[in-house]
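Student: For reference, this is coords37.pdb, and it has PDB, C-alpha atoms and all ligand atoms.
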ATOM      1  CA  MET A   4     107.389  84.205 133.778
ATOM      2  CA  VAL A   5     110.657  83.424 132.007
ATOM      3  CA  ILE A   6     113.318  86.144 132.188
ATOM      4  CA  ALA A   7     116.229  85.839 129.779
ATOM      5  CA  ARG A   8     119.509  86.414 131.656
ATOM      6  CA  ASP A   9     122.058  84.621 129.564
ATOM      7  CA  PRO A  10     122.342  83.283 126.014
ATOM      8  CA  ALA A  11     121.283  79.793 127.006
ATOM      9  CA  GLU A  12     118.127  81.088 128.602
ATOM     10  CA  PHE A  13     117.492  83.322 125.620
ATOM     11  CA  ALA A  14     117.741  80.269 123.382
ATOM     12  CA  ALA A  15     115.020  78.637 125.456
ATOM     13  CA  PHE A  16     112.941  81.805 125.463
ATOM     14  CA  GLY A  17     113.253  82.017 121.672
ATOM     15  CA  CYS A  18     111.606  78.649 121.476
ATOM     16  CA  ASP A  19     109.017  79.297 124.141
ATOM     17  CA  VAL A  20     107.752  82.854 123.878
ATOM     18  CA  ILE A  21     105.573  84.087 126.708
ATOM     19  CA  ASP A  22     101.904  84.346 125.900
ATOM     20  CA  ARG A  23      99.628  86.587 127.869
ATOM     21  CA  GLN A  24      96.042  87.628 128.234
ATOM     22  CA  ILE A  25      96.426  90.986 130.033
ATOM     23  CA  PRO A  26      94.889  94.453 130.176
ATOM     24  CA  THR A  27      96.735  97.329 128.503
ATOM     25  CA  PRO A  28      99.041  99.034 131.028
ATOM     26  CA  ASP A  29      98.462 102.801 131.456
ATOM     27  CA  ARG A  30      95.307 102.628 129.386
ATOM     28  CA  VAL A  31      93.726 105.988 128.513
ATOM     29  CA  ASN A  32      90.655 106.856 126.489
ATOM     30  CA  PRO A  33      91.287 106.432 122.765
ATOM     31  CA  ASN A  34      90.475 108.847 119.948
ATOM     32  CA  ILE A  35      90.079 105.987 117.480
ATOM     33  CA  THR A  36      89.776 102.207 117.732
ATOM     34  CA  PHE A  37      90.420  99.247 115.456
ATOM     35  CA  ILE A  38      89.850  95.522 115.762
ATOM     36  CA  ARG A  39      91.740  92.887 113.844
ATOM     37  CA  ASP A  40      91.071  89.166 114.056
ATOM     38  CA  GLY A  41      93.972  86.922 113.159
ATOM     39  CA  ALA A  42      94.615  84.866 111.350
ATOM     40  CA  LYS A  43      92.057  84.054 108.678
ATOM     41  CA  THR A  44      93.066  82.078 105.620
ATOM     42  CA  LEU A  45      92.595  83.448 102.127
ATOM     43  CA  ASN A  46      93.453  81.534  98.972
ATOM     44  CA  ILE A  47      94.757  83.564  96.061
ATOM     45  CA  THR A  48      94.872  81.910  92.653
ATOM     46  CA  MET A  49      98.078  82.664  90.841
ATOM     47  CA  PRO A  50      98.261  83.190  87.068
ATOM     48  CA  ASP A  51      99.380  79.567  86.541
ATOM     49  CA  GLY A  52      96.237  78.295  88.308
ATOM     50  CA  GLN A  53      97.899  77.340  91.581
ATOM     51  CA  ALA A  54      96.030  78.451  94.710
ATOM     52  CA  VAL A  55      98.345  79.780  97.416
ATOM     53  CA  GLN A  56      97.224  80.089 101.025
ATOM     54  CA  PHE A  57      97.631  83.448 102.731
ATOM     55  CA  TRP A  58      96.902  84.454 106.318
ATOM     56  CA  ILE A  59      95.280  87.835 106.825
ATOM     57  CA  PHE A  60      93.935  90.055 109.587
ATOM     58  CA  ILE A  61      90.253  90.844 109.212
ATOM     59  CA  ASP A  62      88.077  93.566 110.682
ATOM     60  CA  PRO A  63      85.084  91.791 112.262
ATOM     61  CA  ARG A  64      83.032  94.947 111.658
ATOM     62  CA  ASP A  65      83.660  94.848 107.896
ATOM     63  CA  ASP A  66      82.828  91.807 105.731
ATOM     64  CA  LYS A  67      84.844  93.167 102.806
ATOM     65  CA  SER A  68      87.997  92.771 104.879
ATOM     66  CA  LYS A  69      87.609  88.972 104.655
ATOM     67  CA  THR A  70      88.965  89.014 101.121
ATOM     68  CA  MET A  71      91.412  91.896 101.425
ATOM     69  CA  PHE A  72      95.097  91.282 100.932
ATOM     70  CA  PRO A  73      97.094  93.176 102.074
ATOM     71  CA  SER A  74      94.868  93.323 105.157
ATOM     72  CA  LYS A  75      92.546  96.285 105.605
ATOM     73  CA  PRO A  76      94.543  99.475 106.253
ATOM     74  CA  ILE A  77      94.624 101.173 109.640
ATOM     75  CA  ARG A  78      94.292 104.904 109.043
ATOM     76  CA  VAL A  79      94.759 107.432 111.837
ATOM     77  CA  ARG A  80      95.762 111.046 112.388
ATOM     78  CA  GLN A  81      98.940 112.341 113.925
ATOM     79  CA  GLY A  82      98.452 112.894 117.668
ATOM     80  CA  GLN A  83      95.482 110.569 118.094
ATOM     81  CA  VAL A  84      95.522 107.980 120.859
ATOM     82  CA  VAL A  85      95.019 104.742 118.950
ATOM     83  CA  HIS A  86      93.659 101.494 120.331
ATOM     84  CA  SER A  87      94.279  98.558 118.014
ATOM     85  CA  THR A  88      92.831  95.334 119.380
ATOM     86  CA  LEU A  89      94.070  91.957 118.244
ATOM     87  CA  ASP A  90      91.733  89.013 118.616
ATOM     88  CA  ALA A  91      94.001  86.006 118.160
ATOM     89  CA  LYS A  92      91.268  83.406 117.925
ATOM     90  CA  LYS A  93      93.372  80.632 116.456
ATOM     91  CA  ASN A  94      96.930  80.148 117.712
ATOM     92  CA  HIS A  95      99.070  83.031 118.906
ATOM     93  CA  HIS A  96      99.884  86.183 116.988
ATOM     94  CA  THR A  97     100.834  89.811 117.648
ATOM     95  CA  ILE A  98     100.434  93.140 115.889
ATOM     96  CA  HIS A  99     103.582  95.204 115.502
ATOM     97  CA  HIS A 100     102.662  98.710 114.335
ATOM     98  CA  HIS A 101     105.907  99.172 112.447
ATOM     99  CA  GLY A 102     107.486 102.593 112.960
ATOM    100  CA  MET A 103     105.400 103.660 115.962
ATOM    101  CA  ASN A 104     107.326 104.602 119.095
ATOM    102  CA  SER A 105     105.332 102.302 121.333
ATOM    103  CA  SER A 106     106.133 101.114 124.833
ATOM    104  CA  THR A 107     107.456  97.558 125.038
ATOM    105  CA  TYR A 108     104.072  96.126 126.028
ATOM    106  CA  ASN A 109     102.457  97.855 123.076
ATOM    107  CA  ASP A 110     105.143  97.130 120.512
ATOM    108  CA  GLY A 111     103.835  93.703 119.559
ATOM    109  CA  VAL A 112     107.268  92.107 119.231
ATOM    110  CA  GLY A 113     106.653  88.706 120.763
ATOM    111  CA  HIS A 114     110.248  87.950 121.672
ATOM    112  CA  VAL A 115     110.709  91.093 123.788
ATOM    113  CA  SER A 116     107.249  91.217 125.322
ATOM    114  CA  PHE A 117     104.574  88.583 124.782
ATOM    115  CA  GLU A 118     102.376  86.928 122.214
ATOM    116  CA  VAL A 119      98.663  87.455 122.424
ATOM    117  CA  ALA A 120      96.921  84.365 123.692
ATOM    118  CA  GLU A 121      93.401  85.654 123.115
ATOM    119  CA  ARG A 122      92.948  89.386 122.981
ATOM    120  CA  TYR A 123      95.048  92.469 123.591
ATOM    121  CA  THR A 124      94.580  96.168 122.909
ATOM    122  CA  TYR A 125      97.714  97.913 121.661
ATOM    123  CA  GLN A 126      97.868 101.584 122.614
ATOM    124  CA  PHE A 127     100.047 104.125 120.825
ATOM    125  CA  GLN A 128     100.130 107.738 119.668
ATOM    126  CA  PRO A 129     101.705 108.442 116.262
ATOM    127  CA  HIS A 130     103.760 111.613 116.171
ATOM    128  CA  SER A 131     104.866 111.752 112.531
ATOM    129  CA  ALA A 132     102.503 111.668 109.545
ATOM    130  CA  GLY A 133     103.488 109.275 106.792
ATOM    131  CA  THR A 134     103.347 105.702 105.556
ATOM    132  CA  TYR A 135     103.780 102.749 107.891
ATOM    133  CA  PHE A 136     102.488  99.201 108.084
ATOM    134  CA  TYR A 137     101.363  96.720 110.686
ATOM    135  CA  HIS A 138     102.280  93.061 110.768
ATOM    136  CA  CYS A 139     102.354  89.977 112.925
ATOM    137  CA  HIS A 140     105.611  89.573 114.866
ATOM    138  CA  LYS A 141     105.069  85.957 115.917
ATOM    139  CA  ASN A 142     107.559  83.659 114.126
ATOM    140  CA  THR A 143     107.936  86.731 111.977
ATOM    141  CA  VAL A 144     109.657  85.517 108.843
ATOM    142  CA  VAL A 145     106.984  82.877 108.329
ATOM    143  CA  HIS A 146     103.904  84.865 109.398
ATOM    144  CA  PHE A 147     104.935  87.921 107.398
ATOM    145  CA  GLU A 148     105.550  85.789 104.313
ATOM    146  CA  TYR A 149     102.099  84.257 104.855
ATOM    147  CA  GLY A 150     100.716  87.772 104.386
ATOM    148  CA  MET A 151      99.928  88.975 107.907
ATOM    149  CA  TYR A 152     100.336  92.679 107.174
ATOM    150  CA  GLY A 153      98.476  95.793 106.106
ATOM    151  CA  LEU A 154      99.214  99.467 105.579
ATOM    152  CA  LEU A 155      99.179 101.870 108.512
ATOM    153  CA  ILE A 156      98.633 105.414 107.269
ATOM    154  CA  VAL A 157      99.203 108.373 109.577
ATOM    155  CA  ASP A 158      97.537 111.492 108.179
ATOM    156  CA  PRO A 159      98.353 114.982 109.452
ATOM    157  CA  PRO A 160      96.090 116.291 112.274
ATOM    158  CA  GLU A 161      93.727 117.916 109.757
ATOM    159  CA  GLY A 162      93.209 114.618 107.889
ATOM    160  CA  PRO A 163      93.973 113.247 104.413
ATOM    161  CA  GLY A 164      94.893 115.547 101.512
ATOM    162  CA  LYS A 165      98.474 116.316 102.465
ATOM    163  CA  LEU A 166     101.273 113.885 103.210
ATOM    164  CA  TYR A 167     102.078 115.785 106.416
ATOM    165  CA  GLN A 168     101.217 119.126 108.000
ATOM    166  CA  ASN A 169     102.477 121.922 105.688
ATOM    167  CA  GLY A 170     103.661 119.175 103.344
ATOM    168  CA  PRO A 171     102.758 118.439  99.734
ATOM    169  CA  ALA A 172      99.063 118.213  98.835
ATOM    170  CA  TYR A 173      97.823 115.420  96.573
ATOM    171  CA  ASP A 174      94.783 114.835  94.362
ATOM    172  CA  VAL A 175      95.228 111.105  93.748
ATOM    173  CA  GLU A 176      96.506 108.568  96.267
ATOM    174  CA  ALA A 177      98.030 105.254  95.203
ATOM    175  CA  PHE A 178      99.451 102.265  97.083
ATOM    176  CA  TRP A 179     102.246 100.167  95.632
ATOM    177  CA  VAL A 180     103.198  97.266  97.855
ATOM    178  CA  PRO A 181     105.516  94.810  96.088
ATOM    179  CA  ASP A 182     105.616  91.320  97.600
ATOM    180  CA  ASP A 183     107.088  88.006  96.495
ATOM    181  CA  VAL A 184     105.789  84.543  97.219
ATOM    182  CA  ASP A 185     107.606  81.266  97.668
ATOM    183  CA  PRO A 186     104.694  78.781  97.687
ATOM    184  CA  ARG A 187     106.731  76.298  99.736
ATOM    185  CA  TRP A 188     106.747  78.810 102.614
ATOM    186  CA  HIS A 189     102.943  79.006 102.361
ATOM    187  CA  ARG A 190     102.619  75.385 103.419
ATOM    188  CA  MET A 191     104.730  75.736 106.556
ATOM    189  CA  ASN A 192     103.584  75.148 110.084
ATOM    190  CA  HIS A 193     102.613  78.044 112.391
ATOM    191  CA  ASP A 194     105.754  77.526 114.519
ATOM    192  CA  ALA A 195     108.061  76.320 111.738
ATOM    193  CA  GLY A 196     111.707  76.996 112.600
ATOM    194  CA  MET A 197     111.035  78.680 115.950
ATOM    195  CA  CYS A 198     112.914  76.088 117.970
ATOM    196  CA  GLY A 199     115.931  76.053 115.690
ATOM    197  CA  ASP A 200     114.619  73.159 113.627
ATOM    198  CA  ASP A 201     115.776  73.181 110.005
ATOM    199  CA  VAL A 202     112.650  73.741 107.933
ATOM    200  CA  GLY A 203     114.390  75.357 104.974
ATOM    201  CA  LEU A 204     114.009  79.011 105.915
ATOM    202  CA  ASP A 205     117.493  79.576 104.505
ATOM    203  CA  ARG A 206     116.051  78.943 101.040
ATOM    204  CA  PHE A 207     113.693  81.595  99.711
ATOM    205  CA  GLU A 208     112.791  80.988  96.085
ATOM    206  CA  PRO A 209     109.899  83.244  95.119
ATOM    207  CA  LYS A 210     107.817  82.173  92.126
ATOM    208  CA  TYR A 211     105.064  84.800  92.191
ATOM    209  CA  PHE A 212     105.469  88.564  92.220
ATOM    210  CA  LEU A 213     102.673  90.757  93.491
ATOM    211  CA  VAL A 214     101.960  94.433  93.849
ATOM    212  CA  THR A 215      99.351  95.411  96.458
ATOM    213  CA  GLY A 216      98.050  91.837  96.566
ATOM    214  CA  VAL A 217      97.728  91.469  92.789
ATOM    215  CA  PRO A 218      99.957  88.859  91.111
ATOM    216  CA  ALA A 219     101.831  89.918  87.964
ATOM    217  CA  PRO A 220     100.906  90.214  85.138
ATOM    218  CA  ARG A 221      97.436  91.235  86.389
ATOM    219  CA  THR A 222      99.205  94.246  87.942
ATOM    220  CA  GLU A 223      99.182  95.786  84.446
ATOM    221  CA  THR A 224      95.389  96.176  84.439
ATOM    222  CA  ASP A 225      94.095  95.801  88.002
ATOM    223  CA  PRO A 226      92.691  99.077  89.415
ATOM    224  CA  LYS A 227      94.293  98.300  92.802
ATOM    225  CA  VAL A 228      97.656  98.989  91.176
ATOM    226  CA  VAL A 229      97.115 101.042  87.988
ATOM    227  CA  VAL A 230      97.032 104.790  88.660
ATOM    228  CA  ASN A 231      94.717 107.139  86.741
ATOM    229  CA  ALA A 232      95.253 110.892  86.876
ATOM    230  CA  LYS A 233      94.768 114.039  84.857
ATOM    231  CA  VAL A 234      97.473 116.360  83.581
ATOM    232  CA  GLY A 235      98.547 118.695  86.381
ATOM    233  CA  GLN A 236      97.160 116.575  89.207
ATOM    234  CA  ARG A 237      99.480 115.559  91.992
ATOM    235  CA  ILE A 238      99.736 111.841  92.638
ATOM    236  CA  LEU A 239     100.928 110.553  96.008
ATOM    237  CA  VAL A 240     102.338 107.034  95.768
ATOM    238  CA  ARG A 241     102.801 105.246  99.078
ATOM    239  CA  HIS A 242     105.401 102.598  98.306
ATOM    240  CA  LEU A 243     106.076  99.785 100.807
ATOM    241  CA  ASN A 244     108.455  96.938 100.067
ATOM    242  CA  ALA A 245     106.716  93.941 101.654
ATOM    243  CA  SER A 246     108.840  91.411  99.768
ATOM    244  CA  TYR A 247     111.966  89.527 100.796
ATOM    245  CA  SER A 248     113.802  90.954  97.804
ATOM    246  CA  ILE A 249     115.524  94.202  96.988
ATOM    247  CA  VAL A 250     112.959  95.941  94.798
ATOM    248  CA  GLN A 251     114.069  98.335  92.092
ATOM    249  CA  THR A 252     111.161 100.501  90.970
ATOM    250  CA  THR A 253     111.448 102.523  87.771
ATOM    251  CA  ILE A 254     108.839 105.019  86.597
ATOM    252  CA  GLU A 255     109.397 105.452  82.876
ATOM    253  CA  GLY A 256     108.761 108.921  81.463
ATOM    254  CA  LEU A 257     107.689 110.719  84.646
ATOM    255  CA  ASP A 258     109.699 112.605  87.239
ATOM    256  CA  ALA A 259     108.995 111.878  90.905
ATOM    257  CA  THR A 260     110.053 113.451  94.196
ATOM    258  CA  ILE A 261     110.496 111.592  97.475
ATOM    259  CA  TYR A 262     108.743 113.514 100.277
ATOM    260  CA  GLY A 263     108.669 110.768 102.877
ATOM    261  CA  VAL A 264     111.088 108.080 104.042
ATOM    262  CA  ASP A 265     109.927 105.404 106.492
ATOM    263  CA  GLY A 266     107.237 107.683 107.917
ATOM    264  CA  ARG A 267     109.507 110.696 108.313
ATOM    265  CA  PRO A 268     108.978 113.853 106.229
ATOM    266  CA  LEU A 269     111.354 115.323 103.687
ATOM    267  CA  GLY A 270     110.675 118.983 102.854
ATOM    268  CA  ASP A 271     108.992 119.866 106.152
ATOM    269  CA  PRO A 272     109.696 123.597 106.715
ATOM    270  CA  ALA A 273     110.234 122.773 110.398
ATOM    271  CA  GLN A 274     113.058 120.375 109.473
ATOM    272  CA  PRO A 275     115.005 122.291 106.803
ATOM    273  CA  TRP A 276     117.915 119.837 106.922
ATOM    274  CA  ALA A 277     115.784 117.024 105.454
ATOM    275  CA  LYS A 278     115.318 117.912 101.780
ATOM    276  CA  PRO A 279     113.053 116.163  99.261
ATOM    277  CA  ILE A 280     114.880 113.906  96.797
ATOM    278  CA  PHE A 281     114.218 114.484  93.111
ATOM    279  CA  LEU A 282     114.112 111.408  90.872
ATOM    280  CA  PRO A 283     114.288 112.261  87.165
ATOM    281  CA  ALA A 284     112.170 110.053  84.880
ATOM    282  CA  GLY A 285     113.683 106.608  84.551
ATOM    283  CA  SER A 286     115.546 106.704  87.883
ATOM    284  CA  VAL A 287     115.785 103.529  89.910
ATOM    285  CA  LEU A 288     114.201 103.673  93.359
ATOM    286  CA  GLU A 289     115.736 100.888  95.435
ATOM    287  CA  THR A 290     114.117  99.628  98.633
ATOM    288  CA  CYS A 291     114.689  96.650 100.859
ATOM    289  CA  THR A 292     112.241  94.788 103.061
ATOM    290  CA  ALA A 293     109.929  97.014 105.169
ATOM    291  CA  GLN A 294     111.157 100.306 103.708
ATOM    292  CA  ARG A 295     108.604 102.946 102.706
ATOM    293  CA  ARG A 296     108.944 105.820 100.278
ATOM    294  CA  ASP A 297     106.307 108.493  99.626
ATOM    295  CA  LEU A 298     106.515 109.844  96.082
ATOM    296  CA  ILE A 299     104.812 112.868  94.561
ATOM    297  CA  ILE A 300     104.368 112.735  90.794
ATOM    298  CA  GLN A 301     102.818 115.603  88.840
ATOM    299  CA  PRO A 302     102.460 114.677  85.158
ATOM    300  CA  THR A 303     102.575 117.523  82.651
ATOM    301  CA  ARG A 304     101.636 115.512  79.527
ATOM    302  CA  ARG A 305      99.060 112.912  78.661
ATOM    303  CA  GLY A 306     100.293 109.406  78.196
ATOM    304  CA  ARG A 307     100.492 105.847  79.421
ATOM    305  CA  TYR A 308     103.604 105.582  81.539
ATOM    306  CA  ARG A 309     105.028 102.206  82.423
ATOM    307  CA  VAL A 310     106.281 101.359  85.897
ATOM    308  CA  LYS A 311     108.615  98.438  86.452
ATOM    309  CA  PHE A 312     109.243  96.567  89.714
ATOM    310  CA  GLU A 313     112.312  94.315  89.619
ATOM    311  CA  PHE A 314     112.649  91.838  92.490
ATOM    312  CA  ARG A 315     116.330  91.148  93.116
ATOM    313  CA  ASP A 316     118.126  88.641  95.300
ATOM    314  CA  TRP A 317     119.772  90.252  98.368
ATOM    315  CA  VAL A 318     123.117  88.536  97.875
ATOM    316  CA  ALA A 319     123.600  87.783  94.183
ATOM    317  CA  ARG A 320     121.413  90.783  93.220
ATOM    318  CA  GLY A 321     120.128  89.041  90.101
ATOM    319  CA  ILE A 322     116.432  89.215  89.235
ATOM    320  CA  GLN A 323     114.572  86.504  91.155
ATOM    321  CA  ASN A 324     113.217  83.285  89.647
ATOM    322  CA  ASN A 325     115.793  83.119  86.824
ATOM    323  CA  GLY A 326     115.184  86.653  85.672
ATOM    324  CA  THR A 327     111.378  86.508  85.613
ATOM    325  CA  GLY A 328     110.784  88.341  88.923
ATOM    326  CA  ILE A 329     109.401  91.517  87.372
ATOM    327  CA  ALA A 330     105.977  93.182  87.690
ATOM    328  CA  TYR A 331     104.691  96.073  85.605
ATOM    329  CA  THR A 332     101.925  98.565  86.042
ATOM    330  CA  TYR A 333     100.951 101.883  84.455
ATOM    331  CA  ILE A 334     100.193 105.484  85.255
ATOM    332  CA  ASN A 335      97.501 106.645  82.820
ATOM    333  CA  VAL A 336      97.421 110.397  82.392
ATOM    334  CA  THR A 337      94.481 111.976  80.533
TER     335      THR A 337
HETATM  336 CU    CU B 401     100.943  85.628 113.205
END
What would the structure in this file look like if it were written as structure tokens?
Ligand SMILES: [Cu+2]

Tutor:
Amino acid sequence: MVIARDPAEFAAFGCDVIDRQIPTPDRVNPNITFIRDGAKTLNITMPDGQAVQFWIFIDPRDDKSKTMFPSKPIRVRQGQVVHSTLDAKKNHHTIHHHGMNSSTYNDGVGHVSFEVAERYTYQFQPHSAGTYFYHCHKNTVVHFEYGMYGLLIVDPPEGPGKLYQNGPAYDVEAFWVPDDVDPRWHRMNHDAGMCGDDVGLDRFEPKYFLVTGVPAPRTETDPKVVVNAKVGQRILVRHLNASYSIVQTTIEGLDATIYGVDGRPLGDPAQPWAKPIFLPAGSVLETCTAQRRDLIIQPTRRGRYRVKFEFRDWVARGIQNNGTGIAYTYINVT
């Protein structure tokens, strides 16, 4: 086993991450179990006809998961002991359950623990209901760009229907997961850049802009993205920025209120210092990579309300791909 003691050794470790086939330390009986095989390839045809290769996690117990991008959600309840098993059949991967307070062995960050050589069961117990995601943490910038992620939803102990215990109830649940794709990155090698080799990871030039796996402009009609609700219903939008851009999301004509930030509640009576944030219609919601926001929207009038996602460069802050990096969808209220 390599132990990093000084920067030189860390440099070597960065290039040669430990891989292990081990049992879960301190294993206890789970309340709920998941299996994810990784990575399977999935080709998605972009609006210009180009097929782009993605890597996804699949659930071997569910054939539908073979074509799901983002990967099939993991949905649990606050307080449950969760066992999430990764079967890394081809090459090495990990699962990082982003936002869980896991022990180091169960955190799935290859560089501080190990990569899964064959199979490992991650054990954790979520303590805060909200919106999270899981993703591969092997050569992360490449594997995450390849699409190795899915939503991780933590419901309150009593189950879905409220964002958190004593929190806002919802009638309609929606998932908005903006992502951007540089097709050049989707032809890279599994280990590209890990040993300090210059493979061009300093250049990210996204050409396709997706929401919840749907490339724009299909986001304007695809039921995975478009939200349908009735006047007076409460819509919960779980918004995850899975892109490598700053995303500015604008809901035109409808007010929204942020009740959750990165899996932590706003407006929980037990935490009176953390207030919900009101966004008047037309406000810009800005998120960077990996951030989550839970929005409650309660329309009071019928209409077709447009939602705009602008993908902006981190440094220059201009809209990506020469100003074309925009996706739209709609909230239809009847
Ligand atoms: Cu991976």

Student: Measuring between all atoms listed in the file, which one of A:Val84, A:Met151, A:Ala232, A:Cys291 shows the shortest distance to Gly41 (chain A)?

Tutor: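 Smallest separation from Gly41 (chain A) among the options: A:Met151.
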
Student: Would you give me, as JSON lines, each residue of chain A having an atom within 6 Å of an atom of ligand CU 401 (chain B), along with its shortest atom pair and that distance in Å to one decimal, using all atoms listed in the file and sorting by chain and residue number?

Tutor:
{"residue": "A:His96", "atom": "CA", "partner": "B:CU401", "partner_atom": "CU", "distance": 4.0}
{"residue": "A:Cys139", "atom": "CA", "partner": "B:CU401", "partner_atom": "CU", "distance": 4.6}
{"residue": "A:Lys141", "atom": "CA", "partner": "B:CU401", "partner_atom": "CU", "distance": 4.9}
{"residue": "A:His146", "atom": "CA", "partner": "B:CU401", "partner_atom": "CU", "distance": 4.9}

Student: In terms of the shortest atom-to-atom distance over all atoms listed in the file, which of A:Leu298, A:Val145, A:Met103, A:Ala259 is closest to Met197 (chain A)?

Tutor: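 Nearest candidate to Met197 (chain A) out of A:Leu298, A:Val145, A:Met103, A:Ala259: A:Val145.
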
Student: Closest to Leu89 (chain A) among A:Ala54, A:His138, A:Asn46, A:Ile35, using only C-alpha atoms?

Tutor: A:His138

Student: Please identify all polymer residues within 7 Å of region 126-132 of chain A, counting all atoms listed in the file, omitting same-chain residues fewer than 3 positions from it, and present them as a ChimeraX atom specification.

Tutor: /A:81-87,103,105,109,157-159,166-167,266-267

Student: Could those residues be written to a file, using C-alpha atoms, as a PDB file, in the coordinates of the input?

Tutor:
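So the final result, stored in again-v4.pdb, reads:
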ATOM      1  CA  GLN A  81      98.940 112.341 113.925  1.00  0.00           C
ATOM      2  CA  GLY A  82      98.452 112.894 117.668  1.00  0.00           C
ATOM      3  CA  GLN A  83      95.482 110.569 118.094  1.00  0.00           C
ATOM      4  CA  VAL A  84      95.522 107.980 120.859  1.00  0.00           C
ATOM      5  CA  VAL A  85      95.019 104.742 118.950  1.00  0.00           C
ATOM      6  CA  HIS A  86      93.659 101.494 120.331  1.00  0.00           C
ATOM      7  CA  SER A  87      94.279  98.558 118.014  1.00  0.00           C
ATOM      8  CA  MET A 103     105.400 103.660 115.962  1.00  0.00           C
ATOM      9  CA  SER A 105     105.332 102.302 121.333  1.00  0.00           C
ATOM     10  CA  ASN A 109     102.457  97.855 123.076  1.00  0.00           C
ATOM     11  CA  VAL A 157      99.203 108.373 109.577  1.00  0.00           C
ATOM     12  CA  ASP A 158      97.537 111.492 108.179  1.00  0.00           C
ATOM     13  CA  PRO A 159      98.353 114.982 109.452  1.00  0.00           C
ATOM     14  CA  LEU A 166     101.273 113.885 103.210  1.00  0.00           C
ATOM     15  CA  TYR A 167     102.078 115.785 106.416  1.00  0.00           C
ATOM     16  CA  GLY A 266     107.237 107.683 107.917  1.00  0.00           C
ATOM     17  CA  ARG A 267     109.507 110.696 108.313  1.00  0.00           C
TER      18      ARG A 267
END

Student: Apply the PyMOL selection byres (((chain A and resi 50) around 12) and not hetatm) to the structure shown and report the selected residues as a list in words.

Tutor: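 So the PyMOL selection byres (((chain A and resi 50) around 12) and not hetatm) ends up selecting Ile47, Thr48, Met49, Asp51, Gly52, Gln53, Ala54, Val55, Lys210, Tyr211, Phe212, Leu213, Val217, Pro218, Ala219, Pro220, Arg221 and Thr222 of chain A.
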
Student: Please produce a file of the residues just selected, as an mmCIF file, in the frame of the given file, where the atoms kept are C-alpha atoms.

Tutor:
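As written to disk, out-v4.cif reads:
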data_model
loop_
_atom_site.group_PDB
_atom_site.id
_atom_site.type_symbol
_atom_site.label_atom_id
_atom_site.label_comp_id
_atom_site.auth_asym_id
_atom_site.auth_seq_id
_atom_site.Cartn_x
_atom_site.Cartn_y
_atom_site.Cartn_z
ATOM 1 C CA ILE A 47 94.757 83.564 96.061
ATOM 2 C CA THR A 48 94.872 81.910 92.653
ATOM 3 C CA MET A 49 98.078 82.664 90.841
ATOM 4 C CA ASP A 51 99.380 79.567 86.541
ATOM 5 C CA GLY A 52 96.237 78.295 88.308
ATOM 6 C CA GLN A 53 97.899 77.340 91.581
ATOM 7 C CA ALA A 54 96.030 78.451 94.710
ATOM 8 C CA VAL A 55 98.345 79.780 97.416
ATOM 9 C CA LYS A 210 107.817 82.173 92.126
ATOM 10 C CA TYR A 211 105.064 84.800 92.191
ATOM 11 C CA PHE A 212 105.469 88.564 92.220
ATOM 12 C CA LEU A 213 102.673 90.757 93.491
ATOM 13 C CA VAL A 217 97.728 91.469 92.789
ATOM 14 C CA PRO A 218 99.957 88.859 91.111
ATOM 15 C CA ALA A 219 101.831 89.918 87.964
ATOM 16 C CA PRO A 220 100.906 90.214 85.138
ATOM 17 C CA ARG A 221 97.436 91.235 86.389
ATOM 18 C CA THR A 222 99.205 94.246 87.942
#

Student: Within 7 Å of Ile334 (chain A), counting only C-alpha atoms, which residues show up once you throw out same-chain ones fewer than 5 positions away? Write them as a PyMOL selection string, please.

Tutor: chain A and resi 229-231+307-309

Student: CA of Arg187 (chain A) and CA of Arg39 (chain A), how far apart in Å?

Tutor: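 Here the two named atoms are 26.4 Å from each other.
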
Student: Find the residues around Ala245 (chain A) up to 6 Å (only C-alpha atoms counted), leave out those fewer than 5 positions away in its own chain, and share them as a PyMOL selection string.

Tutor: chain A and resi 181-182+292-293

Student: What residues come out when you apply the PyMOL selection byres (((chain A and resi 69-72) around 8) and not hetatm) to this file, written as a PyMOL selection string?

Tutor: chain A and resi 43+45+59+61-62+65-68+73-75+150+153+215-216

Student: For the residues in that selection, give me C-alpha atoms as a PDB file, keeping the file's coordinate frame.

Tutor:
ATOM      1  CA  LYS A  43      92.057  84.054 108.678  1.00  0.00           C
ATOM      2  CA  LEU A  45      92.595  83.448 102.127  1.00  0.00           C
ATOM      3  CA  ILE A  59      95.280  87.835 106.825  1.00  0.00           C
ATOM      4  CA  ILE A  61      90.253  90.844 109.212  1.00  0.00           C
ATOM      5  CA  ASP A  62      88.077  93.566 110.682  1.00  0.00           C
ATOM      6  CA  ASP A  65      83.660  94.848 107.896  1.00  0.00           C
ATOM      7  CA  ASP A  66      82.828  91.807 105.731  1.00  0.00           C
ATOM      8  CA  LYS A  67      84.844  93.167 102.806  1.00  0.00           C
ATOM      9  CA  SER A  68      87.997  92.771 104.879  1.00  0.00           C
ATOM     10  CA  PRO A  73      97.094  93.176 102.074  1.00  0.00           C
ATOM     11  CA  SER A  74      94.868  93.323 105.157  1.00  0.00           C
ATOM     12  CA  LYS A  75      92.546  96.285 105.605  1.00  0.00           C
ATOM     13  CA  GLY A 150     100.716  87.772 104.386  1.00  0.00           C
ATOM     14  CA  GLY A 153      98.476  95.793 106.106  1.00  0.00           C
ATOM     15  CA  THR A 215      99.351  95.411  96.458  1.00  0.00           C
ATOM     16  CA  GLY A 216      98.050  91.837  96.566  1.00  0.00           C
TER      17      GLY A 216
END

Student: So which one's closest to Thr337 (chain A), A:Asn104, A:Arg305, A:Asp185, A:Pro163? Using only C-alpha atoms, please.

Tutor: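 For Thr337 (chain A), the nearest of the given residues is A:Arg305.
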